[in-house]
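Printed here is my_file-v1.txt (compact mmCIF, C-alpha atoms):
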# COMPACT_ATOMS: atom_id res chain seq x y z
CA MET A 1 0.00 0.00 0.00
CA GLN A 2 1.05 3.54 -0.64
CA ILE A 3 -0.05 6.71 1.07
CA ASP A 4 0.90 10.23 0.12
CA LEU A 5 2.88 11.97 2.88
CA LYS A 6 4.81 14.31 0.60
CA GLY A 7 5.50 17.62 2.30
CA MET A 8 4.68 16.24 5.74
CA THR A 9 6.94 15.78 8.74
CA ALA A 10 6.83 12.86 11.17
CA ARG A 11 8.41 12.38 14.58
CA ILE A 12 8.62 9.02 16.32
CA GLU A 13 8.80 9.07 20.10
CA GLY A 14 8.65 6.56 22.89
CA HIS A 15 9.89 2.99 22.77
CA SER A 16 12.28 1.88 20.07
CA ASN A 17 11.35 -1.57 18.78
CA ALA A 18 10.91 -3.44 15.50
CA ILE A 19 7.48 -1.94 14.87
CA SER A 20 8.40 1.68 15.63
CA THR A 21 11.64 1.56 13.62
CA THR A 22 10.02 -0.21 10.67
CA LEU A 23 7.17 2.31 10.70
CA ARG A 24 9.72 5.15 10.62
CA ASP A 25 11.19 3.68 7.42
CA ARG A 26 7.74 3.13 5.89
CA LEU A 27 6.74 6.74 6.63
CA ALA A 28 9.91 7.97 4.93
CA GLU A 29 9.29 5.69 1.92
CA ASN A 30 5.83 7.23 1.60
CA GLY A 31 7.21 10.75 1.43
CA ALA A 32 7.34 11.96 5.04
CA LYS A 33 10.36 13.83 6.32
CA ILE A 34 11.44 12.29 9.63
CA ILE A 35 12.37 14.92 12.18
CA LYS A 36 13.92 14.50 15.61
CA GLU A 37 12.62 17.67 17.22
CA GLY A 38 9.97 20.31 16.67
CA LEU A 39 6.24 19.96 16.14
CA PRO A 40 5.54 17.44 13.35
CA ASP A 41 2.48 16.86 11.17
CA LEU A 42 2.45 13.24 12.31
CA LEU A 43 3.39 12.28 15.84
CA ILE A 44 3.97 8.57 16.42
CA LEU A 45 3.94 7.58 20.09
CA ALA A 46 5.34 4.09 20.53
CA ALA A 47 4.65 2.10 23.67
CA PRO A 48 6.80 -0.96 24.36
CA GLN A 49 5.36 -4.01 22.62
CA LEU A 50 6.64 -6.34 25.33
CA LEU A 51 6.91 -5.76 29.06
CA ASP A 52 9.61 -3.18 29.80
CA ILE A 53 9.57 -2.15 33.45
CA SER A 54 11.87 0.81 32.81
CA PHE A 55 9.58 2.45 30.24
CA ASP A 56 8.49 6.00 31.08
CA TRP A 57 4.69 5.87 30.53
CA ASP A 58 4.20 9.26 32.17
CA GLY A 59 6.72 10.78 29.79
CA LEU A 60 4.72 9.49 26.80
CA THR A 61 1.51 10.87 28.30
CA VAL A 62 3.00 14.31 28.94
CA MET A 63 4.38 14.44 25.39
CA ALA A 64 1.03 13.40 23.87
CA ARG A 65 -0.75 16.19 25.75
CA ARG A 66 1.90 18.84 25.13
CA ASP A 67 2.37 18.20 21.40
CA GLY A 68 -1.32 17.49 20.86
CA THR A 69 -2.25 20.83 22.37
CA ALA A 70 0.38 22.58 20.25
CA MET A 71 -0.97 20.87 17.12
CA LYS A 72 -4.50 22.01 17.95
CA THR A 73 -3.26 25.58 18.41
CA ARG A 74 -1.46 25.34 15.07
CA GLY A 75 -4.66 24.01 13.47
CA SER A 76 -3.57 20.59 12.22
CA GLY A 77 -1.93 17.35 13.20
CA ARG A 78 -2.32 13.66 13.68
CA ILE A 79 -1.26 11.39 16.52
CA VAL A 80 -0.89 7.63 16.14
CA PHE A 81 -0.19 5.50 19.20
CA LEU A 82 1.50 2.14 18.77
CA LEU A 83 -0.11 -0.02 21.46
CA SER A 84 -0.84 -3.65 22.18
CA ALA A 85 -4.31 -5.12 21.64
CA CYS A 86 -4.25 -6.02 25.35
CA ALA A 87 -5.45 -2.41 25.73
CA VAL A 88 -8.90 -3.87 24.95
CA LEU A 89 -8.39 -7.51 26.02
CA PRO A 90 -6.37 -7.63 29.24
CA ILE A 91 -4.04 -10.60 29.71
CA ARG A 92 -4.16 -12.40 33.07
CA ARG A 93 -0.42 -13.01 33.11
CA GLN A 94 0.43 -9.39 32.27
CA PRO A 95 -1.65 -7.22 34.62
CA ASP A 96 0.61 -4.15 34.71
CA PHE A 97 1.24 -4.16 30.96
CA SER A 98 -2.50 -4.56 30.27
CA MET A 99 -3.32 -1.75 32.68
CA GLN A 100 -0.85 0.65 31.09
CA MET A 101 -2.13 -0.17 27.60
CA ALA A 102 -5.75 0.39 28.64
CA ALA A 103 -4.69 3.72 30.12
CA MET A 104 -2.96 4.70 26.87
CA ASN A 105 -6.09 3.74 24.94
CA ALA A 106 -8.21 5.95 27.21
CA LEU A 107 -5.66 8.75 26.78
CA MET A 108 -5.89 8.40 22.99
CA ARG A 109 -9.70 8.53 23.09
CA THR A 110 -9.85 11.56 25.36
CA LEU A 111 -7.27 13.33 23.19
CA ALA A 112 -9.37 12.52 20.12
CA MET A 113 -12.33 14.27 21.75
CA SER A 114 -10.46 17.27 23.14
CA LEU A 115 -8.15 17.95 20.19
CA ALA A 116 -10.76 17.61 17.41
CA PRO A 117 -11.48 18.85 14.86
CA GLU A 118 -7.94 20.08 14.17
CA VAL A 119 -6.13 16.95 15.36
CA ALA A 120 -6.98 13.26 14.94
CA ALA A 121 -5.74 10.62 17.39
CA ASN A 122 -5.89 6.86 16.78
CA ALA A 123 -4.04 3.74 17.85
CA LEU A 124 -2.66 0.51 16.49
CA GLY A 125 -3.24 -2.51 18.73
CA THR A 126 -0.88 -5.39 18.08
CA GLY A 127 -1.61 -9.03 18.72
CA VAL A 128 1.03 -11.73 18.36
CA ILE A 129 3.66 -10.29 16.04
CA GLY A 130 6.89 -11.98 15.01
CA THR A 131 8.25 -14.69 12.74
CA ASP A 132 10.27 -16.55 15.37
CA PRO A 133 8.06 -17.95 18.19
CA ALA A 134 11.04 -17.79 20.56
CA HIS A 135 11.63 -14.09 19.85
CA LEU A 136 8.27 -12.45 19.27
CA GLN A 137 8.02 -8.70 18.73
CA SER A 138 4.66 -8.48 20.46
CA GLY A 139 2.36 -10.80 22.42
CA ASP A 140 3.45 -14.26 23.51
CA ALA A 141 3.50 -17.77 22.13
CA GLU A 142 0.55 -18.84 24.32
CA MET A 143 -1.69 -16.50 22.36
CA THR A 144 -0.96 -17.96 18.93
CA GLY A 145 -3.22 -21.00 19.41
CA HIS A 146 -6.10 -18.62 20.06
CA VAL A 147 -5.66 -16.53 16.91
CA PRO A 148 -8.44 -17.31 14.38
CA VAL A 149 -6.07 -17.05 11.41
CA SER A 150 -3.83 -19.65 13.09
CA ARG A 151 -0.58 -17.71 12.84
CA ALA A 152 1.33 -14.77 14.26
CA GLY A 153 1.41 -11.59 12.25
CA THR A 154 4.46 -9.89 10.79
CA VAL A 155 5.96 -6.51 11.64
CA THR A 156 4.98 -5.40 8.13
CA GLU A 157 1.34 -6.32 8.76
CA ALA A 158 1.33 -4.35 12.01
CA CYS A 159 2.91 -1.36 10.29
CA ASN A 160 0.33 -1.49 7.48
CA VAL A 161 -2.39 -0.71 10.03
CA ALA A 162 -0.35 2.14 11.49
CA LEU A 163 0.20 3.50 7.98
CA PHE A 164 -3.56 3.44 7.32
CA LEU A 165 -4.00 5.49 10.52
CA CYS A 166 -1.45 8.00 9.15
CA ASP A 167 -3.14 8.36 5.75
CA PRO A 168 -4.35 11.96 5.18
CA GLU A 169 -7.18 10.58 2.99
CA ASN A 170 -8.45 8.71 6.05
CA SER A 171 -9.93 11.97 7.29
CA TYR A 172 -12.99 11.11 9.41
CA LEU A 173 -11.31 8.60 11.73
CA THR A 174 -10.45 9.64 15.26
CA GLY A 175 -10.56 7.99 18.68
CA GLN A 176 -10.19 4.49 17.25
CA LEU A 177 -7.94 1.59 18.14
CA LEU A 178 -7.55 -0.78 15.20
CA SER A 179 -5.93 -4.08 16.00
CA ALA A 180 -3.57 -6.12 13.86
CA ASP A 181 -4.22 -9.34 15.69
CA GLY A 182 -5.65 -11.88 13.24
CA GLY A 183 -8.92 -11.85 15.17
CA TRP A 184 -7.43 -12.51 18.63
CA THR A 185 -9.68 -9.89 20.25
CA ALA A 186 -12.79 -10.87 18.22
CA GLY A 187 -13.99 -13.59 20.57
CA TYR A 188 -13.13 -17.03 21.79
CA GLY A 189 -11.38 -18.35 18.74
CA ARG A 190 -10.02 -21.68 19.88
CA SER A 191 -11.70 -24.82 18.65
CA PHE A 192 -11.59 -27.87 20.86
CA MET B 1 -4.14 5.35 -0.21
CA ARG B 2 -3.26 3.33 -3.25
CA VAL B 3 -3.39 -0.46 -3.19
CA ASP B 4 -3.28 -3.13 -5.87
CA LEU B 5 -6.60 -4.93 -6.26
CA SER B 6 -6.03 -6.00 -9.86
CA GLY B 7 -7.42 -9.48 -10.48
CA LYS B 8 -9.72 -9.17 -7.47
CA VAL B 9 -13.51 -9.31 -7.74
CA ALA B 10 -15.48 -7.23 -5.26
CA VAL B 11 -19.23 -7.52 -4.72
CA VAL B 12 -20.81 -4.44 -3.15
CA THR B 13 -24.43 -4.74 -2.02
CA GLY B 14 -26.39 -1.51 -1.99
CA GLY B 15 -23.78 -0.57 -4.58
CA ALA B 16 -25.97 2.03 -6.26
CA GLY B 17 -26.59 3.95 -3.03
CA GLU B 18 -24.45 6.90 -2.10
CA ILE B 19 -22.01 5.17 0.26
CA GLY B 20 -22.12 2.10 -2.01
CA THR B 21 -21.25 4.22 -5.04
CA ALA B 22 -18.21 5.70 -3.28
CA ILE B 23 -17.10 2.18 -2.27
CA CYS B 24 -17.50 0.87 -5.84
CA GLN B 25 -15.59 3.85 -7.27
CA VAL B 26 -12.66 3.55 -4.85
CA LEU B 27 -12.34 -0.23 -5.29
CA ALA B 28 -12.48 0.16 -9.08
CA ALA B 29 -9.92 2.99 -9.02
CA ASN B 30 -7.54 0.60 -7.28
CA GLY B 31 -7.92 -2.09 -9.91
CA ALA B 32 -10.75 -4.32 -8.68
CA SER B 33 -13.49 -5.70 -10.88
CA VAL B 34 -16.65 -4.50 -9.19
CA VAL B 35 -20.10 -6.03 -9.01
CA VAL B 36 -22.62 -3.27 -8.33
CA ALA B 37 -25.33 -5.28 -6.55
CA ASP B 38 -28.58 -3.51 -5.78
CA VAL B 39 -32.35 -3.82 -5.94
CA ASN B 40 -32.21 -0.61 -7.96
CA MET B 41 -31.07 -2.11 -11.27
CA GLU B 42 -31.22 1.18 -13.13
CA GLY B 43 -28.83 2.80 -10.64
CA ALA B 44 -26.56 -0.25 -10.70
CA GLU B 45 -26.42 -0.20 -14.52
CA THR B 46 -25.64 3.52 -14.62
CA LEU B 47 -22.78 3.20 -12.13
CA ALA B 48 -21.35 0.00 -13.63
CA ALA B 49 -21.19 1.69 -17.04
CA GLN B 50 -18.95 4.40 -15.56
CA LEU B 51 -16.43 1.98 -14.04
CA PRO B 52 -13.56 0.36 -15.97
CA ASP B 53 -14.60 -3.24 -15.31
CA ALA B 54 -17.91 -3.72 -13.56
CA MET B 55 -21.20 -5.57 -13.81
CA PRO B 56 -24.57 -4.54 -12.46
CA CYS B 57 -26.38 -7.30 -10.61
CA LYS B 58 -29.89 -7.32 -9.20
CA ILE B 59 -29.73 -8.68 -5.67
CA ASP B 60 -32.36 -8.39 -2.96
CA ILE B 61 -30.35 -9.44 0.10
CA SER B 62 -33.51 -10.27 2.07
CA SER B 63 -34.31 -13.09 -0.37
CA GLU B 64 -32.24 -16.27 -0.21
CA GLY B 65 -33.11 -17.10 -3.81
CA SER B 66 -32.04 -13.65 -4.99
CA THR B 67 -28.67 -13.85 -3.21
CA ARG B 68 -28.02 -17.30 -4.71
CA ASP B 69 -29.01 -16.16 -8.22
CA GLY B 70 -26.87 -13.06 -7.86
CA VAL B 71 -23.80 -14.98 -6.76
CA GLU B 72 -24.34 -17.43 -9.62
CA ALA B 73 -24.42 -14.53 -12.09
CA VAL B 74 -21.21 -13.09 -10.61
CA LEU B 75 -19.46 -16.46 -10.87
CA GLY B 76 -20.73 -16.78 -14.45
CA ARG B 77 -19.04 -13.52 -15.38
CA TYR B 78 -15.91 -13.50 -13.21
CA GLY B 79 -15.59 -17.05 -11.83
CA GLN B 80 -14.65 -15.89 -8.34
CA ILE B 81 -15.42 -13.55 -5.45
CA ASP B 82 -12.56 -12.07 -3.43
CA ILE B 83 -14.20 -9.24 -1.53
CA LEU B 84 -17.77 -9.01 -0.28
CA VAL B 85 -18.94 -5.65 1.00
CA ASN B 86 -22.26 -6.04 2.84
CA ASN B 87 -23.32 -2.42 2.51
CA ALA B 88 -27.06 -2.67 1.77
CA GLY B 89 -29.33 -1.71 4.63
CA VAL B 90 -32.36 0.31 5.63
CA ASN B 91 -33.56 2.30 8.60
CA THR B 92 -37.01 3.53 9.48
CA GLN B 93 -38.14 6.94 8.34
CA ALA B 94 -41.89 6.67 8.81
CA HIS B 95 -41.90 5.22 12.32
CA ARG B 96 -39.69 7.29 14.63
CA VAL B 97 -41.32 5.92 17.76
CA THR B 98 -40.29 4.14 20.94
CA LEU B 99 -40.31 0.35 21.22
CA ASP B 100 -43.65 0.10 23.09
CA SER B 101 -45.42 1.32 19.97
CA PHE B 102 -42.99 0.19 17.27
CA PRO B 103 -44.99 -1.57 14.50
CA LYS B 104 -44.21 -5.26 14.04
CA ALA B 105 -44.22 -5.06 10.26
CA GLU B 106 -41.61 -2.29 10.25
CA TRP B 107 -39.47 -4.20 12.78
CA ASP B 108 -39.63 -7.27 10.53
CA ARG B 109 -38.76 -5.28 7.40
CA ILE B 110 -35.65 -3.70 8.96
CA VAL B 111 -34.32 -6.82 10.68
CA ARG B 112 -35.03 -8.93 7.58
CA ILE B 113 -33.00 -6.65 5.34
CA ASP B 114 -30.23 -5.44 7.66
CA LEU B 115 -29.46 -8.54 9.72
CA ASP B 116 -30.98 -11.49 7.86
CA GLY B 117 -29.84 -9.95 4.58
CA THR B 118 -26.24 -9.71 5.76
CA TYR B 119 -26.39 -13.38 6.75
CA LEU B 120 -28.05 -14.50 3.50
CA MET B 121 -25.67 -12.57 1.25
CA SER B 122 -22.64 -13.71 3.24
CA LYS B 123 -23.78 -17.34 3.12
CA ALA B 124 -24.31 -17.23 -0.63
CA ALA B 125 -20.94 -15.61 -1.34
CA LEU B 126 -18.92 -17.53 1.24
CA GLU B 127 -19.84 -20.95 -0.10
CA PRO B 128 -17.81 -20.52 -3.33
CA MET B 129 -15.15 -18.47 -1.49
CA VAL B 130 -14.47 -21.27 1.01
CA ALA B 131 -14.62 -23.92 -1.74
CA ARG B 132 -12.09 -22.04 -3.88
CA GLY B 133 -9.62 -21.91 -1.00
CA ALA B 134 -8.04 -18.61 -2.03
CA GLY B 135 -9.15 -16.68 1.05
CA GLY B 136 -10.95 -13.39 0.79
CA ARG B 137 -12.50 -10.54 2.69
CA VAL B 138 -15.90 -9.72 4.10
CA ILE B 139 -16.55 -6.12 5.07
CA ASN B 140 -19.83 -5.50 6.84
CA ILE B 141 -21.16 -1.97 7.01
CA ALA B 142 -22.70 -1.62 10.46
CA SER B 143 -23.42 1.74 12.12
CA VAL B 144 -22.44 3.68 15.22
CA VAL B 145 -26.05 3.00 16.23
CA GLY B 146 -24.93 -0.63 16.60
CA LEU B 147 -22.26 0.49 19.09
CA ALA B 148 -24.05 3.25 20.97
CA ALA B 149 -27.82 2.83 20.99
CA MET B 150 -29.87 5.77 19.81
CA ARG B 151 -33.51 6.57 20.27
CA LEU B 152 -36.49 5.91 18.00
CA GLN B 153 -34.85 3.29 15.79
CA SER B 154 -34.74 0.18 17.97
CA PRO B 155 -34.77 -2.45 15.19
CA PHE B 156 -31.95 -0.64 13.38
CA ALA B 157 -29.92 -0.46 16.61
CA ALA B 158 -30.50 -4.15 17.31
CA ALA B 159 -29.79 -5.25 13.73
CA LYS B 160 -26.60 -3.20 13.46
CA ALA B 161 -25.34 -4.44 16.84
CA GLY B 162 -26.14 -7.90 15.49
CA ILE B 163 -24.00 -7.20 12.43
CA VAL B 164 -21.05 -6.12 14.62
CA HIS B 165 -21.16 -9.34 16.60
CA LEU B 166 -21.92 -11.47 13.54
CA THR B 167 -18.71 -10.03 12.07
CA ARG B 168 -16.74 -11.31 15.07
CA ALA B 169 -18.36 -14.74 14.80
CA MET B 170 -17.51 -14.87 11.09
CA ALA B 171 -13.95 -13.79 11.86
CA ILE B 172 -13.29 -16.61 14.29
CA GLU B 173 -15.07 -19.19 12.11
CA LEU B 174 -13.56 -18.29 8.77
CA GLY B 175 -10.13 -16.94 9.70
CA HIS B 176 -8.42 -20.28 9.19
CA HIS B 177 -9.73 -20.32 5.60
CA GLY B 178 -7.86 -17.05 5.04
CA ILE B 179 -11.17 -15.21 4.89
CA LEU B 180 -10.97 -12.10 7.05
CA SER B 181 -14.16 -10.45 8.30
CA ASN B 182 -14.33 -6.90 9.61
CA ALA B 183 -16.98 -4.25 10.15
CA ILE B 184 -17.11 -0.53 9.64
CA ALA B 185 -19.46 1.56 11.73
CA PRO B 186 -20.14 4.81 9.91
CA GLY B 187 -21.21 7.76 11.98
CA SER B 188 -23.38 10.45 10.55
CA ILE B 189 -22.60 10.49 6.85
CA MET B 190 -23.66 13.31 4.60
CA SER B 191 -24.79 12.27 1.19
CA GLU B 192 -26.64 14.26 -1.43
CA GLY B 193 -29.84 12.85 0.02
CA THR B 194 -29.15 14.00 3.57
CA ARG B 195 -27.29 17.23 2.75
CA SER B 196 -30.54 19.19 2.99
CA LEU B 197 -31.10 17.77 6.49
CA PHE B 198 -27.76 19.17 7.63
CA TYR B 199 -27.56 22.45 5.79
CA GLY B 200 -30.14 25.17 5.38
CA LYS B 201 -30.58 27.22 2.19
CA ASP B 202 -27.84 29.58 3.38
CA GLY B 203 -25.34 26.72 3.38
CA LEU B 204 -24.98 26.83 7.16
CA PHE B 205 -25.92 24.23 9.74
CA GLY B 206 -29.43 24.71 11.12
CA SER B 207 -29.74 25.20 14.90
CA ARG B 208 -30.83 21.58 15.53
CA THR B 209 -27.98 20.29 13.42
CA GLU B 210 -25.55 22.52 15.26
CA GLU B 211 -26.72 21.04 18.56
CA PHE B 212 -26.33 17.53 17.13
CA MET B 213 -22.88 18.28 15.69
CA ARG B 214 -21.65 19.35 19.14
CA HIS B 215 -21.65 15.65 20.03
CA ILE B 216 -19.29 14.87 17.16
CA PRO B 217 -15.72 15.93 17.99
CA MET B 218 -14.92 16.63 14.35
CA GLY B 219 -17.97 18.90 14.27
CA ARG B 220 -19.19 17.75 10.89
CA PRO B 221 -20.80 14.75 9.23
CA GLY B 222 -18.57 12.41 7.24
CA GLU B 223 -18.48 11.98 3.48
CA PRO B 224 -19.16 8.71 1.63
CA ASN B 225 -15.55 8.65 0.39
CA GLU B 226 -14.30 8.62 3.97
CA ILE B 227 -16.16 5.34 4.52
CA ALA B 228 -14.87 4.03 1.20
CA GLN B 229 -11.26 4.66 2.29
CA ALA B 230 -11.74 2.32 5.26
CA VAL B 231 -13.34 -0.31 3.00
CA LEU B 232 -10.38 0.01 0.64
CA PHE B 233 -7.86 -0.63 3.42
CA LEU B 234 -9.77 -3.58 4.89
CA GLY B 235 -10.20 -5.08 1.42
CA SER B 236 -6.55 -4.62 0.49
CA PRO B 237 -3.62 -7.06 0.77
CA ALA B 238 -2.17 -4.66 3.38
CA ALA B 239 -4.87 -5.58 5.91
CA SER B 240 -3.83 -9.25 5.95
CA TYR B 241 -3.70 -9.49 9.76
CA VAL B 242 -6.83 -7.44 10.52
CA ASN B 243 -9.74 -9.71 11.42
CA GLY B 244 -12.86 -9.42 13.57
CA GLN B 245 -12.47 -5.69 14.08
CA CYS B 246 -15.18 -3.06 14.07
CA LEU B 247 -13.85 0.31 12.99
CA ALA B 248 -16.03 3.32 13.76
CA VAL B 249 -15.52 5.97 11.09
CA ASP B 250 -17.45 8.60 12.94
CA GLY B 251 -15.40 11.73 13.56
CA GLY B 252 -14.85 10.63 17.15
CA TRP B 253 -18.56 10.37 18.00
CA THR B 254 -18.18 7.09 19.92
CA ALA B 255 -14.68 7.81 21.29
CA GLY B 256 -16.25 8.61 24.66
CA TYR B 257 -18.60 11.00 26.40
CA THR B 258 -18.05 14.06 24.29
CA ILE B 259 -19.92 16.74 26.25

Please express the file's structure as structure tokens.
Amino acid sequence: MQIDLKGMTARIEGHSNAISTTLRDRLAENGAKIIKEGLPDLLILAAPQLLDISFDWDGLTVMARRDGTAMKTRGSGRIVFLLSACAVLPIRRQPDFSMQMAAMNALMRTLAMSLAPEVAANALGTGVIGTDPAHLQSGDAEMTGHVPVSRAGTVTEACNVALFLCDPENSYLTGQLLSADGGWTAGYGRSF
Amino acid sequence: MRVDLSGKVAVVTGGAGEIGTAICQVLAANGASVVVADVNMEGAETLAAQLPDAMPCKIDISSEGSTRDGVEAVLGRYGQIDILVNNAGVNTQAHRVTLDSFPKAEWDRIVRIDLDGTYLMSKAALEPMVARGAGGRVINIASVVGLAAMRLQSPFAAAKAGIVHLTRAMAIELGHHGILSNAIAPGSIMSEGTRSLFYGKDGLFGSRTEEFMRHIPMGRPGEPNEIAQAVLFLGSPAASYVNGQCLAVDGGWTAGYTI
């Protein structure tokens, strides 16, 4: 897929992982200029995709509010959070991670309401992502047997969803979390 | 967004309607062969003639026989179905009343078209899709009314909520065939038909509309093309790990309590 980001700037903040770094490259390929500081057209806020006890969640929240408010004052902007789908389907074994993701999802939704109409805010929710079951990028191996499409997703597939959320033509979408999870959050997918 | 749908056959029910037309146009512009399925054959023929590779097809989704005949005609022309967009649906105009006085016949009409019709059309199209073994996509057009109930349209609310959950059931049943099912819940969408409801003669929102628009963070109704963009993504090869999702394209209406 191709989107047209010519003339737009993008800044990627938060956790550095396979999804956030791949998305940075995809944004550049689609015409965005990647900047390291200053107020961008597209702000990507990456949460860790696996438990990282040292991650500064408050820092991400403060940045979302500060830059979001500045974008609204400027009159345009778009924020895309890179989250886990456990924001909407908490995982028993990962209570803190699930809690933080749900909080980020609520932050995204409240920002969508308060920053509109100038600024849109949406989120990617990742399910099991990774080609090597021993070194997944997101989710864990236990989840794979419960994914309706019977496989883990790839980093590319996760980034495709994020790219859709960045598309300027996708202009009436705000306050949404769209999961790349093969149907993991759709229901009880395991057949016995 | 540009994607490559060349060689793909997309069936769009309610294809001659205003959202349906935008969906057909966007899919065609990205290379798909498009079946404009509608009860309004004249509208379907007119639209199909404007697209590079399209066929009009008369389908009444509330009739099992009609869905079967329609799918047979599509297979006769193209031999396959890759993308089904269940877009056809109705709401009540004449009976804006609460449930205690909602007429049975109107309830039956709405549920039969919106919910039963989505099932019947999906069943008819999925049979050859599963048999072919090449995967595919189902995109059900629900409504924000199926996510957040609204007054004076109880059968529509129930049917659209039914479509959202049906989508999830389809996703977990059909995912292992490579058939991905997702829903889109449009918010308030302005089409030529509803433009006069939103705007007065002076081109400005009327006072009631202004009140209503205060509940929508983006402060405006959506356009059919903005729904079509979401259909395009979900129907594209890029959405190959998106399944069982319901995406509200609603300007933030259902993001939370907006007041």

Revision key, fill the gap. re atom CA of A:Ala18 and atom CA of A:Asn30: distance 18.2 Å

Practice item. Would you kindly report the residues of chain A within 6 Å of chain B, using all atoms listed in the file, as a list in words? Key: Met1, Gln2, Ile3, Arg109, Met113, Ala116, Pro117, Pro148, Val149, Asn160, Tyr172, Leu173, Thr174, Gly175, Ala180, Asp181, Gly182, Gly183, Ala186 and Gly189 of chain A

Check your understanding: Which polymer residues, protein or nucleic acid, are no farther than 9 Å from (6.6, 5.5, 11.7), counting all atoms listed in the file, as number ranges by chain?
Key -> A: 10-12, 19-28, 34, 42-44, 80, 159, 162-163, 166

Review point. Atom CA of B:Cys24 to atom CA of B:Thr67: how many Å, to one decimal?
Key: 18.7 Å

Revision key, fill the gap. Counting only C-alpha atoms, the residue among A:Asp56, A:Asp167, A:Asp140, A:Glu157 that lies closest to A:Leu5 is A:Asp167

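Distance check against B:Gly133 using all atoms listed in the file: of B:Gly20, B:Ser63, B:Ala49, B:Ile81, the minimum falls on B:Ile81.
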
Exercise for review: Would you mind reading off the distance between atom CA of A:Ile129 and atom CA of A:Ala158, one decimal, in Å?
Suggested key: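 We find that atom CA of A:Ile129 and atom CA of A:Ala158 lie 7.5 Å from each other.
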
Exercise for review: May I have the protein, DNA and RNA residues with any atom at most 12 Å from the point (-41.0, -5.1, 8.4), counting all atoms listed in the file, written as a list in words?
Suggested key: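 I get Ser62, Val90, Asn91, Thr92, Ala94, His95, Phe102, Pro103, Lys104, Ala105, Glu106, Trp107, Asp108, Arg109, Ile110, Val111, Arg112, Ile113, Asp114, Asp116, Pro155 and Phe156 of chain B for the residues within 12 Å of that point.
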
Exercise for review: Find the residue from A:Arg190, A:His15, A:Lys33, A:His135 that sits nearest to A:Leu60; use all atoms listed in the file when measuring.
Suggested key: A:His15

Exercise for review: Do a neighbour search on A:Leu45 at 6 Å with all atoms listed in the file, toss out local chain neighbours closer than 5 positions, and write the hits as a ChimeraX atom specification.
Suggested key: /A:13-14,81
